[in-house]
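**Student:** First the structure, then my questions, so here it is.
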Amino acid sequence: MNFDGILFFPVTPFDTAGRVDTELLATHVATGLSHSPGGIFPACGTGEFHALSATEAAAVVRTAVDTVAGAVPVVAGAGGPLGHALEVARGAADAGADALLVLPPYLVGGPQAGLVAYVEAVAAASDLPVVVYHRGNAQFTPASVRRLLENPKVVGFKDGVGDIGTAQLIVRAVAESGRDDFALFNGLLTAELTQGAYRGIGMPLYSSAAFAMIPEVANAHYRAYVDGDEARRLALVDGFYAPLAALRDETPGFGVSLIKAGLRLSGLPVGGVRPPLVDPTPEQEARLAEILDAGRALL
């Protein structure tokens, strides 16, 4: 798939009764779309895939598809228990998604052959191509990636592990395969902190949770990155992304919780996160507001 720009992972807004707010989601997606992302990934990690039912996930994807209206690719999350993953994959296809991001299976760890079979089962559930998410209990060896490269429906690889050596070998495996339709991208938390290294090994794309919260700063980093303006890029890393990552690391799950809090601070009432994630304390939210202000001051 062709992604030209930052990969946007929208949050899933909840109303005061805890239901998915599709109207607010459409506003959130439209706002992000106006900042020219290269692709939109609804109902994935930042969108709390772990906390959505199959019906809710389909509604989220359908809302994103309708809002995007073909402007950029829409890649929906699918993962967890295999039966749920297959149901979600079919729902995303029916909702009009362009591809699936295959998240890790639920809880259990399997051998490489089992992980490959899991991806292939999700890929076979619909006509949609799939991107493999390398993270948690779904960590693929270069040999497994070579096997998956034989399947034309497997069109991408997202690294959420951070093992640069393994990632380099996977990049080389893709090059050796001759596949020119295969996307490789950095999917680590606050990927802006590591993208300099990933660019060096041949993974030019990256996902940006911050884009969902403060797209103007995320785009400033992306432009500096594309233009090779390292002084500008590192000023944004030092002044915004490093403090954001430090706050994120205080509490598990803040990679999502802070994004929703930042949107609320900007005036978009997206609600809180669903358990087991927790929202930031008032003191943490105040520090987040200071970090967002510091990021905007760098523009």
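Naming scheme: A, B, ... for chains in displayed order of the structure tokens; residues 1 onward per chain; ligands 1 onward as shown.
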Could you tell me, as an NGL selection string, which residues of region 132-165 of chain A DSSP assigns to strand (DSSP E) when given the backbone?

**Tutor:** :A and (132-134 or 154-159)

**Student:** Report as JSON, numbers by chain all protein, DNA and RNA residues lying within 9 Å of Ile201 (chain A), evaluated on only C-alpha atoms, omitting residues in the same chain fewer than 3 positions from it.

**Tutor:** {"A": [164, 167, 168, 171, 197, 198, 204]}

**Student:** For those residues, write N, CA and C atoms to a file as a PDB file, in the first residue's frame.

**Tutor:**
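Okay, again-v7.pdb is ready:
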ATOM      1  N   ILE A 164      16.535  -3.215  16.844  1.00  0.00           N
ATOM      2  CA  ILE A 164      17.006  -2.660  15.574  1.00  0.00           C
ATOM      3  C   ILE A 164      17.677  -3.721  14.715  1.00  0.00           C
ATOM      4  N   ALA A 167      14.985  -5.785  13.160  1.00  0.00           N
ATOM      5  CA  ALA A 167      14.291  -4.953  12.184  1.00  0.00           C
ATOM      6  C   ALA A 167      15.121  -4.797  10.918  1.00  0.00           C
ATOM      7  N   GLN A 168      16.433  -4.632  11.063  1.00  0.00           N
ATOM      8  CA  GLN A 168      17.288  -4.516   9.887  1.00  0.00           C
ATOM      9  C   GLN A 168      17.247  -5.784   9.043  1.00  0.00           C
ATOM     10  N   VAL A 171      14.026  -5.829   7.118  1.00  0.00           N
ATOM     11  CA  VAL A 171      14.107  -4.916   5.973  1.00  0.00           C
ATOM     12  C   VAL A 171      14.853  -5.582   4.824  1.00  0.00           C
ATOM     13  N   ALA A 197      16.761   6.501  13.826  1.00  0.00           N
ATOM     14  CA  ALA A 197      17.408   5.195  13.694  1.00  0.00           C
ATOM     15  C   ALA A 197      16.696   4.320  12.677  1.00  0.00           C
ATOM     16  N   TYR A 198      15.367   4.357  12.682  1.00  0.00           N
ATOM     17  CA  TYR A 198      14.604   3.515  11.746  1.00  0.00           C
ATOM     18  C   TYR A 198      14.806   3.960  10.299  1.00  0.00           C
ATOM     19  N   PRO A 204      11.205   3.978   6.439  1.00  0.00           N
ATOM     20  CA  PRO A 204      10.986   5.427   6.358  1.00  0.00           C
ATOM     21  C   PRO A 204       9.675   5.917   6.956  1.00  0.00           C
TER      22      PRO A 204
END

**Student:** Could you give me, as a PyMOL selection string, the residues within 7 Å of region 124-140 of chain A, counting only C-alpha atoms and dropping anything in the same chain fewer than 6 positions from it?

**Tutor:** chain A and resi 86+89-90+93+98-104+109+112+115+153-161

**Student:** Using only C-alpha atoms, which of the listed residues (A:Val20, A:Met1, A:Leu288, A:Leu299) sits closest to Asn219 (chain A)?

**Tutor:**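 Residue with the minimum atom-to-atom distance to Asn219 (chain A): A:Leu299.
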
**Student:** What's around Ser53 (chain A) at 10 Å? Count only C-alpha atoms, leave out sequence neighbours fewer than 6 positions away in its own chain, and write the answer as JSON, numbers by chain.

**Tutor:** {"A": [59, 84, 88]}

**Student:** Based on the backbone DSSP call, show me all residues of region 137-280 of chain A assigned alpha helix (DSSP H), as JSON, numbers by chain.

**Tutor:** {"A": [142, 143, 144, 145, 146, 147, 148, 149, 164, 165, 166, 167, 168, 169, 170, 171, 172, 173, 174, 175, 176, 177, 195, 196, 197, 198, 199, 200, 201, 209, 210, 211, 212, 213, 215, 216, 217, 218, 219, 220, 221, 222, 223, 224, 225, 226, 227, 230, 231, 232, 233, 234, 235, 236, 242, 243, 244, 245, 246, 247, 248, 254, 255, 256, 257, 258, 259, 260, 261, 262, 263, 264, 265]}

**Student:** May I have the residues within 10 Å of region 229-238 of chain A as a ChimeraX atom specification, using only C-alpha atoms and disregarding those fewer than 5 positions away in the same chain?

**Tutor:** /A:192-194,196,217-218,220-224,243-245,294-296,298-299

**Student:** Residues as selected, C-alpha atoms, written as a PDB file, in the first residue's frame, can you do that?

**Tutor:**
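Saved the output as out.pdb:
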ATOM      1  CA  GLU A 192       9.363  10.319  16.702  1.00  0.00           C
ATOM      2  CA  LEU A 193      12.049   9.542  19.321  1.00  0.00           C
ATOM      3  CA  THR A 194      13.377   6.559  17.370  1.00  0.00           C
ATOM      4  CA  GLY A 196      16.074   8.701  13.059  1.00  0.00           C
ATOM      5  CA  VAL A 217       3.395  19.748  16.008  1.00  0.00           C
ATOM      6  CA  ALA A 218       3.440  16.225  14.587  1.00  0.00           C
ATOM      7  CA  ALA A 220       6.260  20.079  11.962  1.00  0.00           C
ATOM      8  CA  HIS A 221       8.359  17.100  13.034  1.00  0.00           C
ATOM      9  CA  TYR A 222       7.430  15.179   9.905  1.00  0.00           C
ATOM     10  CA  ARG A 223       8.363  18.064   7.610  1.00  0.00           C
ATOM     11  CA  ALA A 224      11.719  18.485   9.342  1.00  0.00           C
ATOM     12  CA  PRO A 243       8.917  15.465  27.947  1.00  0.00           C
ATOM     13  CA  LEU A 244       5.790  13.795  26.535  1.00  0.00           C
ATOM     14  CA  ALA A 245       7.478  10.380  26.625  1.00  0.00           C
ATOM     15  CA  ALA A 294       5.687  24.096  24.808  1.00  0.00           C
ATOM     16  CA  GLY A 295       5.193  22.145  21.594  1.00  0.00           C
ATOM     17  CA  ARG A 296       3.038  24.861  20.065  1.00  0.00           C
ATOM     18  CA  LEU A 298       8.164  25.725  18.916  1.00  0.00           C
ATOM     19  CA  LEU A 299       6.086  26.233  15.764  1.00  0.00           C
TER      20      LEU A 299
END

**Student:** Smallest atom-to-atom distance to Asp181 (chain A): which of A:Ala212, A:Leu149, A:Ala143, A:Ala43, using only C-alpha atoms?

**Tutor:**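 Among the listed residues, A:Leu149 lies closest to Asp181 (chain A).
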
**Student:** So which one's closest to Ala57 (chain A), A:Thr22, A:Thr251, A:Gln284, A:Ser177? Using only C-alpha atoms, please.

**Tutor:**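 Among the listed residues, the smallest separation from Ala57 (chain A) belongs to A:Thr22.
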